[in-house]
>>> print(open('upload-v1.cif').read())   # mmCIF, C-alpha atoms
data_start
loop_
_atom_site.label_atom_id
_atom_site.label_comp_id
_atom_site.auth_asym_id
_atom_site.auth_seq_id
_atom_site.Cartn_x
_atom_site.Cartn_y
_atom_site.Cartn_z
CA MET A 672 26.43 6.16 28.88
CA GLU A 673 27.31 2.73 30.17
CA LEU A 674 23.64 1.95 30.61
CA ILE A 675 22.99 2.75 26.94
CA ILE A 676 25.86 0.53 25.85
CA MET A 677 24.60 -2.29 28.05
CA THR A 678 21.10 -1.85 26.62
CA LEU A 679 22.49 -2.17 23.09
CA GLY A 680 24.14 -5.41 24.18
CA TRP A 681 20.82 -6.81 25.39
CA ILE A 682 19.15 -5.75 22.13
CA GLY A 683 21.91 -7.49 20.18
CA LEU A 684 21.50 -10.62 22.28
CA TYR A 685 17.80 -10.99 21.62
CA ALA A 686 17.63 -9.51 18.08
CA PRO A 687 18.44 -12.69 16.10
CA LEU A 688 15.69 -14.63 17.84
CA ALA A 689 13.10 -11.85 17.77
CA LEU A 690 13.71 -10.75 14.18
CA GLY A 691 14.00 -14.32 12.95
CA ALA A 692 10.69 -15.17 14.64
CA ILE A 693 8.96 -12.13 13.12
CA GLY A 694 10.24 -13.10 9.68
CA SER A 695 9.14 -16.71 10.14
CA MET A 696 5.67 -15.63 11.23
CA ILE A 697 5.12 -13.47 8.16
CA GLY A 698 6.84 -15.94 5.83
CA CYS A 699 4.75 -18.85 7.07
CA LEU A 700 1.64 -16.66 6.83
CA ARG A 701 2.35 -15.98 3.15
CA GLY A 702 3.07 -19.62 2.40
CA GLY A 703 0.13 -20.78 4.52
CA MET A 704 -2.33 -18.47 2.80
CA ALA A 705 -1.11 -19.71 -0.58
CA ALA A 706 -1.43 -23.33 0.57
CA CYS A 707 -5.00 -22.75 1.79
CA GLY A 708 -5.93 -21.13 -1.52
CA ALA A 709 -4.37 -23.98 -3.51
CA MET A 710 -6.30 -26.55 -1.46
CA LEU A 711 -9.51 -25.17 -2.97
CA GLU A 712 -8.18 -25.86 -6.46
CA VAL A 713 -6.62 -29.33 -6.15
CA GLU A 714 -8.05 -32.70 -5.17
CA GLY A 715 -5.10 -34.02 -3.18
CA GLY A 716 -1.49 -33.46 -2.13
CA PHE A 717 -2.44 -30.97 0.57
CA GLY A 718 0.31 -32.14 2.90
CA ARG A 719 3.14 -31.09 0.63
CA PHE A 720 1.68 -27.59 0.31
CA VAL A 721 1.57 -27.24 4.08
CA GLY A 722 5.13 -28.60 4.26
CA VAL A 723 6.35 -25.97 1.80
CA ALA A 724 4.50 -23.25 3.72
CA ALA A 725 6.47 -24.21 6.84
CA MET A 726 9.87 -23.64 5.19
CA PRO A 727 10.38 -20.10 6.56
CA SER A 728 10.21 -21.43 10.14
CA SER A 729 13.89 -22.41 9.98
CA GLN A 730 14.95 -18.78 10.48
CA THR A 731 13.57 -18.86 14.02
CA ILE A 732 15.74 -21.90 14.77
CA TYR A 733 18.80 -20.12 13.38
CA GLY A 734 17.89 -17.10 15.53
CA ILE A 735 17.68 -19.25 18.66
CA VAL A 736 21.10 -20.79 17.97
CA VAL A 737 22.75 -17.39 17.34
CA THR A 738 21.22 -15.98 20.53
CA MET A 739 22.51 -18.98 22.47
CA ALA A 740 25.97 -18.61 20.89
CA LEU A 741 26.36 -14.97 21.96
CA PRO A 742 27.98 -14.43 25.40
CA ALA A 743 25.43 -14.51 28.18
CA ALA A 744 27.45 -12.12 30.33
CA ILE A 745 26.99 -8.65 28.86
CA THR A 746 29.79 -6.18 29.55
CA PRO A 747 30.50 -2.70 28.10
CA ASP A 748 33.39 -4.20 26.09
CA LYS A 749 31.25 -6.85 24.41
CA SER A 750 28.04 -4.86 23.97
CA PRO A 751 28.83 -2.93 20.74
CA GLY A 752 29.97 -6.12 19.00
CA MET A 753 26.96 -8.05 20.24
CA PHE A 754 24.64 -5.29 19.08
CA ALA A 755 26.12 -5.20 15.57
CA LEU A 756 26.27 -8.96 15.22
CA GLY A 757 22.84 -9.64 16.69
CA LEU A 758 21.01 -6.88 14.85
CA LEU A 759 22.53 -7.56 11.43
CA SER A 760 22.15 -11.32 11.61
CA GLY A 761 18.57 -10.80 12.84
CA LEU A 762 17.77 -8.52 9.91
CA ALA A 763 19.27 -11.04 7.48
CA LEU A 764 17.07 -13.76 8.99
CA LEU A 765 14.01 -11.50 8.95
CA PHE A 766 14.28 -10.55 5.29
CA SER A 767 15.24 -14.05 4.17
CA ALA A 768 12.10 -15.43 5.86
CA LEU A 769 9.90 -12.81 4.17
CA ALA A 770 11.43 -13.53 0.77
CA GLN A 771 11.22 -17.27 1.33
CA GLY A 772 7.53 -16.98 2.20
CA THR A 773 6.83 -15.30 -1.13
CA ALA A 774 9.01 -17.84 -2.98
CA CYS A 775 7.09 -20.68 -1.31
CA ALA A 776 3.76 -19.07 -2.26
CA SER A 777 4.94 -18.84 -5.87
CA ALA A 778 6.04 -22.49 -5.81
CA ILE A 779 2.64 -23.53 -4.46
CA ASN A 780 0.90 -21.47 -7.13
CA ALA A 781 2.97 -23.03 -9.92
CA SER A 782 2.78 -26.63 -8.73
CA LYS A 783 -0.97 -26.38 -8.10
CA SER A 784 -1.60 -26.16 -11.85
CA LYS A 785 1.41 -28.23 -12.91
CA PRO A 786 2.30 -30.83 -10.24
CA GLU A 787 5.35 -32.06 -12.17
CA VAL A 788 7.21 -28.78 -11.46
CA PHE A 789 6.80 -29.13 -7.69
CA GLY A 790 10.46 -30.00 -7.06
CA ILE A 791 12.08 -27.45 -9.34
CA SER A 792 9.69 -24.70 -8.25
CA LEU A 793 11.19 -24.96 -4.77
CA ALA A 794 14.68 -24.07 -6.04
CA PRO A 795 14.31 -20.31 -5.41
CA ALA A 796 13.14 -20.98 -1.84
CA ALA A 797 16.11 -23.32 -1.32
CA LEU A 798 18.50 -20.67 -2.61
CA ILE A 799 17.10 -18.15 -0.15
CA GLU A 800 17.54 -20.73 2.61
CA GLY A 801 21.19 -20.97 1.55
CA PHE A 802 21.69 -17.23 2.09
CA ALA A 803 20.03 -17.48 5.51
CA VAL A 804 22.46 -20.30 6.38
CA PHE A 805 25.41 -18.11 5.34
CA ALA A 806 24.21 -15.34 7.66
CA PHE A 807 23.66 -17.87 10.44
CA VAL A 808 27.03 -19.66 10.15
CA PHE A 809 29.07 -16.48 9.97
CA ALA A 810 27.17 -15.03 12.92
CA LEU A 811 28.29 -18.10 14.90
CA VAL A 812 31.90 -17.73 13.70
CA LEU A 813 32.02 -14.04 14.58
CA ALA A 814 30.33 -14.63 17.95
CA GLY A 815 33.47 -16.55 18.92
CA ARG A 816 35.62 -13.54 18.05
CA LEU A 817 33.92 -11.04 20.33
CA PRO A 818 36.35 -9.43 22.80
CA GLU A 819 36.76 -11.32 26.06
CA MET B 1181 -1.61 -9.11 -0.62
CA TYR B 1182 -3.93 -11.81 -1.95
CA TYR B 1183 -1.87 -15.00 -1.52
CA ASP B 1184 -4.88 -17.22 -0.83
CA LEU B 1185 -7.07 -15.71 -3.54
CA ILE B 1186 -4.45 -15.93 -6.29
CA THR B 1187 -3.59 -19.55 -5.53
CA SER B 1188 -7.28 -20.47 -5.42
CA LEU B 1189 -7.68 -19.35 -9.04
CA PRO B 1190 -6.90 -21.78 -11.86
CA TYR B 1191 -4.36 -21.27 -14.61
CA LEU B 1192 -5.84 -19.38 -17.55
CA GLN B 1193 -4.78 -20.67 -20.94
CA HIS B 1194 -4.41 -18.23 -23.81
CA PHE B 1195 -7.87 -17.56 -25.21
CA GLU B 1196 -7.01 -19.13 -28.57
CA ARG B 1197 -5.93 -22.41 -26.99
CA ALA B 1198 -8.58 -22.70 -24.27
CA ASP B 1199 -11.62 -24.80 -25.06
CA ARG B 1200 -13.58 -24.05 -21.90
CA LEU B 1201 -13.68 -21.70 -18.93
CA PRO B 1202 -11.41 -23.10 -16.19
CA ILE B 1203 -13.70 -21.73 -13.48
CA THR B 1204 -17.43 -21.14 -13.56
CA PRO B 1205 -18.87 -17.63 -13.04
CA LEU B 1206 -20.48 -18.71 -9.76
CA ARG B 1207 -17.24 -20.20 -8.41
CA LEU B 1208 -15.29 -17.12 -9.48
CA GLU B 1209 -17.71 -14.85 -7.64
CA GLN B 1210 -17.31 -17.03 -4.53
CA ARG B 1211 -13.52 -16.77 -4.71
CA LEU B 1212 -13.63 -13.02 -5.27
CA ARG B 1213 -15.40 -12.60 -1.93
CA ARG B 1214 -11.92 -12.60 -0.43
CA LEU B 1215 -11.27 -9.20 -2.01
CA ARG B 1216 -11.35 -6.17 0.26
CA PRO B 1217 -14.72 -4.39 -0.15
CA LYS B 1218 -13.06 -1.35 -1.70
CA HIS B 1219 -11.18 -3.41 -4.30
CA ALA B 1220 -14.26 -5.53 -5.05
CA ASP B 1221 -16.39 -2.45 -5.63
CA GLN B 1222 -13.80 -0.86 -7.93
CA LEU B 1223 -13.37 -4.06 -9.92
CA ASN B 1224 -17.11 -4.56 -10.35
CA ARG B 1225 -17.63 -0.99 -11.53
CA ALA B 1226 -14.76 -1.23 -14.00
CA ARG B 1227 -15.86 -4.63 -15.38
CA GLN B 1228 -19.22 -3.18 -16.38
CA ILE B 1229 -17.45 -0.67 -18.62
CA VAL B 1230 -14.25 -2.28 -19.87
CA ARG B 1231 -15.09 -5.94 -20.28
CA TRP B 1232 -15.17 -7.41 -23.76
CA ARG B 1233 -18.47 -6.88 -25.58
CA PRO B 1234 -20.24 -5.45 -22.54
CA GLU B 1235 -23.94 -5.83 -23.02
CA ARG B 1236 -24.80 -2.51 -21.49
CA LEU B 1237 -22.72 -0.60 -24.05
CA THR B 1238 -24.58 -2.12 -27.00
CA GLY B 1239 -26.17 0.65 -28.99
CA GLN B 1240 -24.19 3.37 -27.24
CA SER B 1241 -22.64 6.11 -29.32
CA ASP B 1242 -18.90 6.81 -29.22
CA ARG B 1243 -19.57 9.92 -27.18
CA GLU B 1244 -21.59 8.00 -24.59
CA THR B 1245 -18.88 5.36 -24.40
CA ILE B 1246 -16.22 8.01 -23.82
CA GLU B 1247 -18.46 9.55 -21.17
CA SER B 1248 -18.75 6.19 -19.37
CA PHE B 1249 -14.98 5.75 -19.39
CA SER B 1250 -14.40 9.33 -18.24
CA GLN B 1251 -16.79 8.91 -15.31
CA LEU B 1252 -15.04 5.70 -14.37
CA LEU B 1253 -11.61 7.34 -14.54
CA GLU B 1254 -12.80 10.25 -12.40
CA SER B 1255 -13.93 7.85 -9.67
CA GLU B 1256 -11.60 6.22 -7.17
CA LEU B 1257 -9.74 3.30 -8.78
CA ASN B 1258 -6.67 1.33 -7.78
CA GLU B 1259 -3.59 1.84 -9.93
CA PRO B 1260 -3.66 -1.34 -12.08
CA LEU B 1261 -7.34 -0.90 -12.81
CA ARG B 1262 -6.91 2.77 -13.72
CA ASP B 1263 -4.01 1.90 -16.03
CA TYR B 1264 -6.07 -0.76 -17.77
CA VAL B 1265 -9.12 1.48 -18.21
CA GLN B 1266 -6.84 4.09 -19.74
CA PHE B 1267 -5.25 1.47 -21.99
CA ARG B 1268 -8.64 0.13 -23.11
CA LEU B 1269 -9.96 3.62 -23.84
CA THR B 1270 -6.87 4.39 -25.92
CA GLN B 1271 -7.25 1.25 -28.03
CA LEU B 1272 -11.01 1.80 -28.47
CA THR B 1273 -10.48 5.41 -29.52
CA LEU B 1274 -7.85 4.47 -32.08
CA LEU B 1275 -9.94 1.63 -33.45
CA ALA B 1276 -13.02 3.86 -33.78
CA ALA B 1277 -10.96 6.46 -35.64
CA LEU B 1278 -9.41 3.77 -37.83
CA ARG B 1279 -12.84 2.37 -38.77
CA ARG B 1280 -14.17 5.82 -39.60
CA LYS B 1281 -11.20 6.62 -41.77
CA HIS B 1282 -11.39 3.23 -43.45
CA ASP B 1283 -15.03 3.97 -44.37
CA GLY B 1284 -13.74 7.04 -46.21
CA ARG B 1285 -15.33 9.50 -43.83
CA GLY B 1286 -13.57 12.61 -42.59
CA PHE B 1287 -13.00 13.70 -39.02
CA PRO B 1288 -16.38 14.24 -37.31
CA ASP B 1289 -17.81 17.77 -37.13
CA ASP B 1290 -17.71 17.58 -33.37
CA PRO B 1291 -14.05 18.25 -32.44
CA ASN B 1292 -14.53 16.25 -29.22
CA ALA B 1293 -16.03 13.22 -30.96
CA PHE B 1294 -13.09 11.10 -29.78
CA GLY B 1295 -12.88 12.79 -26.41
CA ASN B 1296 -10.66 15.65 -25.36
CA SER B 1297 -7.50 13.73 -24.54
CA ARG B 1298 -4.08 14.34 -26.06
CA LEU B 1299 -4.60 11.25 -28.23
CA ALA B 1300 -7.88 12.65 -29.61
CA TYR B 1301 -6.10 15.90 -30.42
CA THR B 1302 -3.32 13.98 -32.24
CA ILE B 1303 -5.88 12.01 -34.23
CA ARG B 1304 -7.65 15.22 -35.28
CA ARG B 1305 -4.40 16.95 -36.22
CA ASN B 1306 -3.00 13.95 -38.13
CA TRP B 1307 -6.24 12.68 -39.67
CA GLU B 1308 -4.81 12.68 -43.18
CA LEU B 1309 -1.54 10.96 -42.23
CA PRO B 1310 -1.26 7.16 -42.50
CA PHE B 1311 -2.12 5.65 -39.10
CA PHE B 1312 -2.48 9.20 -37.73
CA GLY B 1313 1.32 9.36 -37.51
CA LEU B 1314 1.11 6.93 -34.56
CA LYS B 1315 2.47 3.81 -36.25
CA TYR B 1316 5.51 3.60 -33.99
CA CYS B 1317 3.63 4.33 -30.77
CA TYR B 1318 0.97 1.73 -31.57
CA PRO B 1319 2.53 -0.98 -33.79
CA TRP B 1320 -0.80 -2.82 -34.01
CA LEU B 1321 -2.29 -0.07 -36.21
CA PRO B 1322 -0.90 -1.38 -39.57
CA PRO B 1323 -2.05 -5.02 -39.07
CA ALA B 1324 -5.41 -3.77 -37.78
CA THR B 1325 -5.81 -1.62 -40.91
CA GLU B 1326 -4.96 -4.64 -43.09
CA LYS B 1327 -7.61 -6.73 -41.38
CA LEU B 1328 -10.17 -3.94 -41.71
CA SER B 1329 -9.41 -3.67 -45.44
CA ALA B 1330 -9.69 -7.44 -45.85
CA GLY B 1331 -12.99 -7.48 -43.95
CA ASP B 1332 -11.43 -9.96 -41.53
CA ALA B 1333 -13.56 -9.17 -38.48
CA ILE B 1334 -12.48 -12.25 -36.51
CA GLY B 1335 -8.82 -11.57 -37.28
CA LEU B 1336 -9.21 -8.02 -35.99
CA GLU B 1337 -10.98 -9.26 -32.88
CA ARG B 1338 -8.18 -11.77 -32.31
CA LEU B 1339 -5.51 -9.12 -32.78
CA MET B 1340 -7.12 -6.69 -30.34
CA MET B 1341 -7.86 -9.37 -27.78
CA ASP B 1342 -4.31 -10.65 -27.92
CA LEU B 1343 -3.03 -7.11 -27.41
CA HIS B 1344 -5.09 -6.75 -24.25
CA TRP B 1345 -4.25 -10.28 -23.09
CA GLN B 1346 -0.51 -9.63 -23.34
CA TRP B 1347 -0.83 -6.28 -21.59
CA LEU B 1348 -2.70 -7.84 -18.66
CA THR B 1349 -0.24 -10.74 -18.46
CA ARG B 1350 2.73 -8.39 -18.27
CA ARG B 1351 0.97 -6.32 -15.64
CA SER B 1352 0.17 -9.33 -13.45
CA GLU B 1353 3.80 -10.49 -13.61
CA LEU B 1354 4.94 -7.24 -12.00
CA SER B 1355 3.39 -8.23 -8.69
CA MET B 1356 2.22 -11.78 -8.50
CA PHE B 1357 0.14 -11.65 -5.32
CA GLU B 1358 -1.15 -8.08 -5.37
CA ILE B 1359 -4.40 -6.65 -6.68
CA ASP B 1360 -2.70 -6.34 -10.11
CA ALA B 1361 -2.80 -10.12 -10.52
CA VAL B 1362 -6.45 -10.33 -9.42
CA VAL B 1363 -7.48 -7.57 -11.83
CA ALA B 1364 -5.56 -9.24 -14.67
CA PHE B 1365 -7.13 -12.63 -13.96
CA VAL B 1366 -10.70 -11.34 -13.83
CA LEU B 1367 -10.40 -9.21 -16.96
CA LYS B 1368 -8.71 -12.05 -18.86
CA TRP B 1369 -11.43 -14.41 -17.68
CA ASP B 1370 -14.02 -11.97 -19.08
CA MET B 1371 -12.15 -11.95 -22.40
CA LEU B 1372 -11.93 -15.73 -22.48
CA ARG B 1373 -15.63 -16.02 -21.75
CA ALA B 1374 -16.46 -13.60 -24.57
CA TRP B 1375 -14.16 -15.49 -26.95
CA ILE B 1376 -15.60 -18.91 -26.09
CA ASN B 1377 -19.16 -17.64 -26.33
CA GLY B 1378 -18.39 -16.27 -29.76
CA ASP B 1379 -16.93 -19.47 -31.16
CA PRO B 1380 -19.05 -20.52 -34.19
CA VAL B 1381 -17.77 -24.12 -34.20
CA LYS B 1382 -18.68 -24.56 -30.54
CA ALA B 1383 -22.03 -22.91 -31.17
CA LYS B 1384 -22.73 -25.37 -33.99
CA VAL B 1385 -21.80 -28.37 -31.80
CA ARG B 1386 -23.94 -27.06 -28.96
CA PHE B 1387 -26.82 -26.45 -31.34
CA THR B 1388 -26.55 -30.01 -32.67
CA GLN B 1389 -26.45 -31.36 -29.11
CA LEU B 1390 -29.60 -29.45 -28.22
CA ILE B 1391 -31.37 -30.67 -31.36
CA ASP B 1392 -30.34 -34.27 -30.56
CA LYS B 1393 -31.58 -33.88 -27.01
CA VAL B 1394 -34.95 -32.51 -28.13
CA THR B 1395 -35.28 -35.24 -30.78
CA ASP B 1396 -34.48 -37.92 -28.17
CA VAL B 1397 -37.10 -36.55 -25.82
CA GLN B 1398 -39.71 -36.54 -28.56
CA ASN B 1399 -38.85 -40.12 -29.61
CA THR B 1400 -39.15 -41.48 -26.05
#
>>> encode(input="upload-v1.cif", output="structure tokens")
Amino acid sequence: MELIIMTLGWIGLYAPLALGAIGSMIGCLRGGMAACGAMLEVEGGFGRFVGVAAMPSSQTIYGIVVTMALPAAITPDKSPGMFALGLLSGLALLFSALAQGTACASAINASKSKPEVFGISLAPAALIEGFAVFAFVFALVLAGRLPE
Amino acid sequence: MYYDLITSLPYLQHFERADRLPITPLRLEQRLRRLRPKHADQLNRARQIVRWRPERLTGQSDRETIESFSQLLESELNEPLRDYVQFRLTQLTLLAALRRKHDGRGFPDDPNAFGNSRLAYTIRRNWELPFFGLKYCYPWLPPATEKLSAGDAIGLERLMMDLHWQWLTRRSELSMFEIDAVVAFVLKWDMLRAWINGDPVKAKVRFTQLIDKVTDVQNT
């Protein structure tokens, strides 16, 4: 039984990083594909499309920080809390990266035909980033409240 | 998911406002090479049947047209394409019935002249009723009848094209980067092409340009 609990603790420790990275990969893929498609249609401004496509990479950074903030010493007392905190924050990062990838692709699609909307078209992606930051910050706060 | 394909396609203006095709046929074919083979095959088969003023349907009877649509619907099609084929067949059936009634002719002797769908059955049953009793299901029937009575062929064409354009736009908005959006773009592009090709003002300008060109060549 103790082994299972300890295993859950290890899963919780690595989940934010792993899930955040998976989300970033797929999110950047969506944005990157959209950027590559848009490059065929426009004459310039390729750099900003690639920059937008990279937005979902921040979730991996948040995942690294949460993983680092969780206690390195895993004990049966801490494991359930670490599992819940790590898994849920990881899932939040994963889904926010997926959604942000699609939002970035939409922004690229809109600004390709109408460059003047480039800034405002990024608002949905920025909002999603805000939700990811909420999940990240509160994961850090709660990591400090895990039982000693 | 077709993120790269969708973003590589230009914005399509409404057919009444557009003055040219935003992408050439050759370039469109190149871009559509990104489609999965299955989707590409389905789209190509459907375009031959449903596209606006398809050349191969010229001279076909209603029955042959229905047969073409039925064969297409029996084959494997993705959901958005199947929905559109069904939608197009419905509008064509109603328009054919409306034209026949407007000409003062009765329901054809062949009970399956408009196919054997539920809609065809309703048309047959309600032949004598105004708009076949379908005015509320298909609100475009009264304005279409008005245009038929007025002999306004272009107005009717515009009405029907706009109906299809709006339907495809709504469908593509449901899933922006899926096959739905690709299907909507290609079918709208076909409509735009048909509309631009049929523009008499443009035809006159083009004709004048060609005459000028020929005259210039002869003079030099």
>>> resolve_selection(input="upload-v1.cif", expression="the PyMOL selection byres ((chain A) within 10 of (chain B))", output="list in words")
Leu700, Arg701, Gly702, Gly703, Met704, Ala705, Ala706, Cys707, Gly708, Ala709, Met710, Leu711, Glu712, Val713, Thr773, Ala776, Ser777, Ile779, Asn780, Ala781, Lys783, Ser784 and Lys785 of chain A
>>> atom_distance(input="upload-v1.cif", atom1="CA of Phe720 (chain A)", atom2="CA of Cys775 (chain A)")
8.9 Å
>>> residues_around(input="upload-v1.cif", residues="Leu1321 (chain B)", least_positions_apart="2", cutoff="10 Å", atoms="all atoms listed in the file", output="PDB file with C-alpha atoms, in the coordinates of the input")
ATOM      1  CA  GLN B1271      -7.250   1.250 -28.030  1.00  0.00           C
ATOM      2  CA  LEU B1274      -7.850   4.470 -32.080  1.00  0.00           C
ATOM      3  CA  LEU B1275      -9.940   1.630 -33.450  1.00  0.00           C
ATOM      4  CA  LEU B1278      -9.410   3.770 -37.830  1.00  0.00           C
ATOM      5  CA  PRO B1310      -1.260   7.160 -42.500  1.00  0.00           C
ATOM      6  CA  PHE B1311      -2.120   5.650 -39.100  1.00  0.00           C
ATOM      7  CA  PHE B1312      -2.480   9.200 -37.730  1.00  0.00           C
ATOM      8  CA  LEU B1314       1.110   6.930 -34.560  1.00  0.00           C
ATOM      9  CA  LYS B1315       2.470   3.810 -36.250  1.00  0.00           C
ATOM     10  CA  TYR B1316       5.510   3.600 -33.990  1.00  0.00           C
ATOM     11  CA  CYS B1317       3.630   4.330 -30.770  1.00  0.00           C
ATOM     12  CA  TYR B1318       0.970   1.730 -31.570  1.00  0.00           C
ATOM     13  CA  PRO B1319       2.530  -0.980 -33.790  1.00  0.00           C
ATOM     14  CA  PRO B1323      -2.050  -5.020 -39.070  1.00  0.00           C
ATOM     15  CA  ALA B1324      -5.410  -3.770 -37.780  1.00  0.00           C
ATOM     16  CA  THR B1325      -5.810  -1.620 -40.910  1.00  0.00           C
ATOM     17  CA  GLU B1326      -4.960  -4.640 -43.090  1.00  0.00           C
ATOM     18  CA  LYS B1327      -7.610  -6.730 -41.380  1.00  0.00           C
TER      19      LYS B1327
END
>>> closest_residue(input="upload-v1.cif", among="A:Gly716, A:Gly680, A:Pro751, A:Gly691", to="Ser782 (chain A)", atoms="all atoms listed in the file")
A:Gly716
>>> resolve_selection(input="upload-v1.cif", expression="the PyMOL selection byres ((chain B and resi 1378) around 12)", output="list in words")
Phe1195, Glu1196, Asp1199, Trp1232, Arg1233, Ile1334, Glu1337, Arg1338, Met1371, Leu1372, Arg1373, Ala1374, Trp1375, Ile1376, Asn1377, Asp1379, Pro1380, Val1381, Lys1382, Ala1383 and Lys1384 of chain B
>>> closest_atom_pairs(input="upload-v1.cif", of="region 676-722 of chain A", to="region 762-769 of chain A", cutoff="8 Å", atoms="all atoms listed in the file", output="CSV")
residue,atom,partner,partner_atom,distance
A:Pro687,CA,A:Leu764,CA,7.3
A:Leu690,CA,A:Leu765,CA,5.3
A:Gly691,CA,A:Leu765,CA,4.9
A:Ala692,CA,A:Leu765,CA,7.5
A:Ile693,CA,A:Leu765,CA,6.6
A:Gly694,CA,A:Leu765,CA,4.2
A:Ser695,CA,A:Ala768,CA,5.4
A:Ile697,CA,A:Leu769,CA,6.3
A:Gly698,CA,A:Leu769,CA,4.7
>>> atom_distance(input="upload-v1.cif", atom1="CA of Phe802 (chain A)", atom2="CA of Val736 (chain A)")
16.3 Å
>>> atom_distance(input="upload-v1.cif", atom1="CA of Asp1370 (chain B)", atom2="CA of Val1230 (chain B)")
9.7 Å
>>> axis_aligned_box(input="upload-v1.cif", around="region 730-740 of chain A", padding_each_side="4 Å", output="AutoDock Vina command-line options")
--center_x 19.8 --center_y -18.9 --center_z 16.5 --size_x 20.4 --size_y 13.9 --size_z 20.0
>>> residues_around(input="upload-v1.cif", residues="Trp1345 (chain B)", least_positions_apart="2", cutoff="10 Å", atoms="all atoms listed in the file", output="PDB file with C-alpha atoms, in the frame of the given file")
ATOM      1  CA  HIS B1194      -4.410 -18.230 -23.810  1.00  0.00           C
ATOM      2  CA  PHE B1195      -7.870 -17.560 -25.210  1.00  0.00           C
ATOM      3  CA  LEU B1339      -5.510  -9.120 -32.780  1.00  0.00           C
ATOM      4  CA  MET B1340      -7.120  -6.690 -30.340  1.00  0.00           C
ATOM      5  CA  MET B1341      -7.860  -9.370 -27.780  1.00  0.00           C
ATOM      6  CA  ASP B1342      -4.310 -10.650 -27.920  1.00  0.00           C
ATOM      7  CA  LEU B1343      -3.030  -7.110 -27.410  1.00  0.00           C
ATOM      8  CA  TRP B1347      -0.830  -6.280 -21.590  1.00  0.00           C
ATOM      9  CA  LEU B1348      -2.700  -7.840 -18.660  1.00  0.00           C
ATOM     10  CA  THR B1349      -0.240 -10.740 -18.460  1.00  0.00           C
ATOM     11  CA  ARG B1350       2.730  -8.390 -18.270  1.00  0.00           C
ATOM     12  CA  ARG B1351       0.970  -6.320 -15.640  1.00  0.00           C
ATOM     13  CA  ALA B1364      -5.560  -9.240 -14.670  1.00  0.00           C
ATOM     14  CA  PHE B1365      -7.130 -12.630 -13.960  1.00  0.00           C
ATOM     15  CA  LEU B1367     -10.400  -9.210 -16.960  1.00  0.00           C
ATOM     16  CA  LYS B1368      -8.710 -12.050 -18.860  1.00  0.00           C
ATOM     17  CA  TRP B1369     -11.430 -14.410 -17.680  1.00  0.00           C
ATOM     18  CA  MET B1371     -12.150 -11.950 -22.400  1.00  0.00           C
ATOM     19  CA  LEU B1372     -11.930 -15.730 -22.480  1.00  0.00           C
TER      20      LEU B1372
END
>>> residues_around(input="upload-v1.cif", residues="Lys1218 (chain B)", least_positions_apart="3", cutoff="10 Å", atoms="only C-alpha atoms", output="PyMOL selection string")
chain B and resi 1215+1221-1223+1256-1258
>>> resolve_selection(input="upload-v1.cif", expression="the PyMOL selection byres ((chain B and resi 1269) around 10)", output="list of chain:residue names")
B:Val1230, B:Thr1245, B:Ile1246, B:Phe1249, B:Ser1250, B:Asp1263, B:Tyr1264, B:Val1265, B:Gln1266, B:Phe1267, B:Arg1268, B:Thr1270, B:Gln1271, B:Leu1272, B:Thr1273, B:Leu1274, B:Leu1275, B:Gly1295
>>> residues_around(input="upload-v1.cif", residues="Tyr685 (chain A)", least_positions_apart="3", cutoff="9 Å", atoms="only C-alpha atoms", output="list in words")
Gly680, Trp681, Ile682, Leu688, Ala689, Leu690, Gly734, Ile735, Thr738, Gly757, Leu758 and Gly761 of chain A
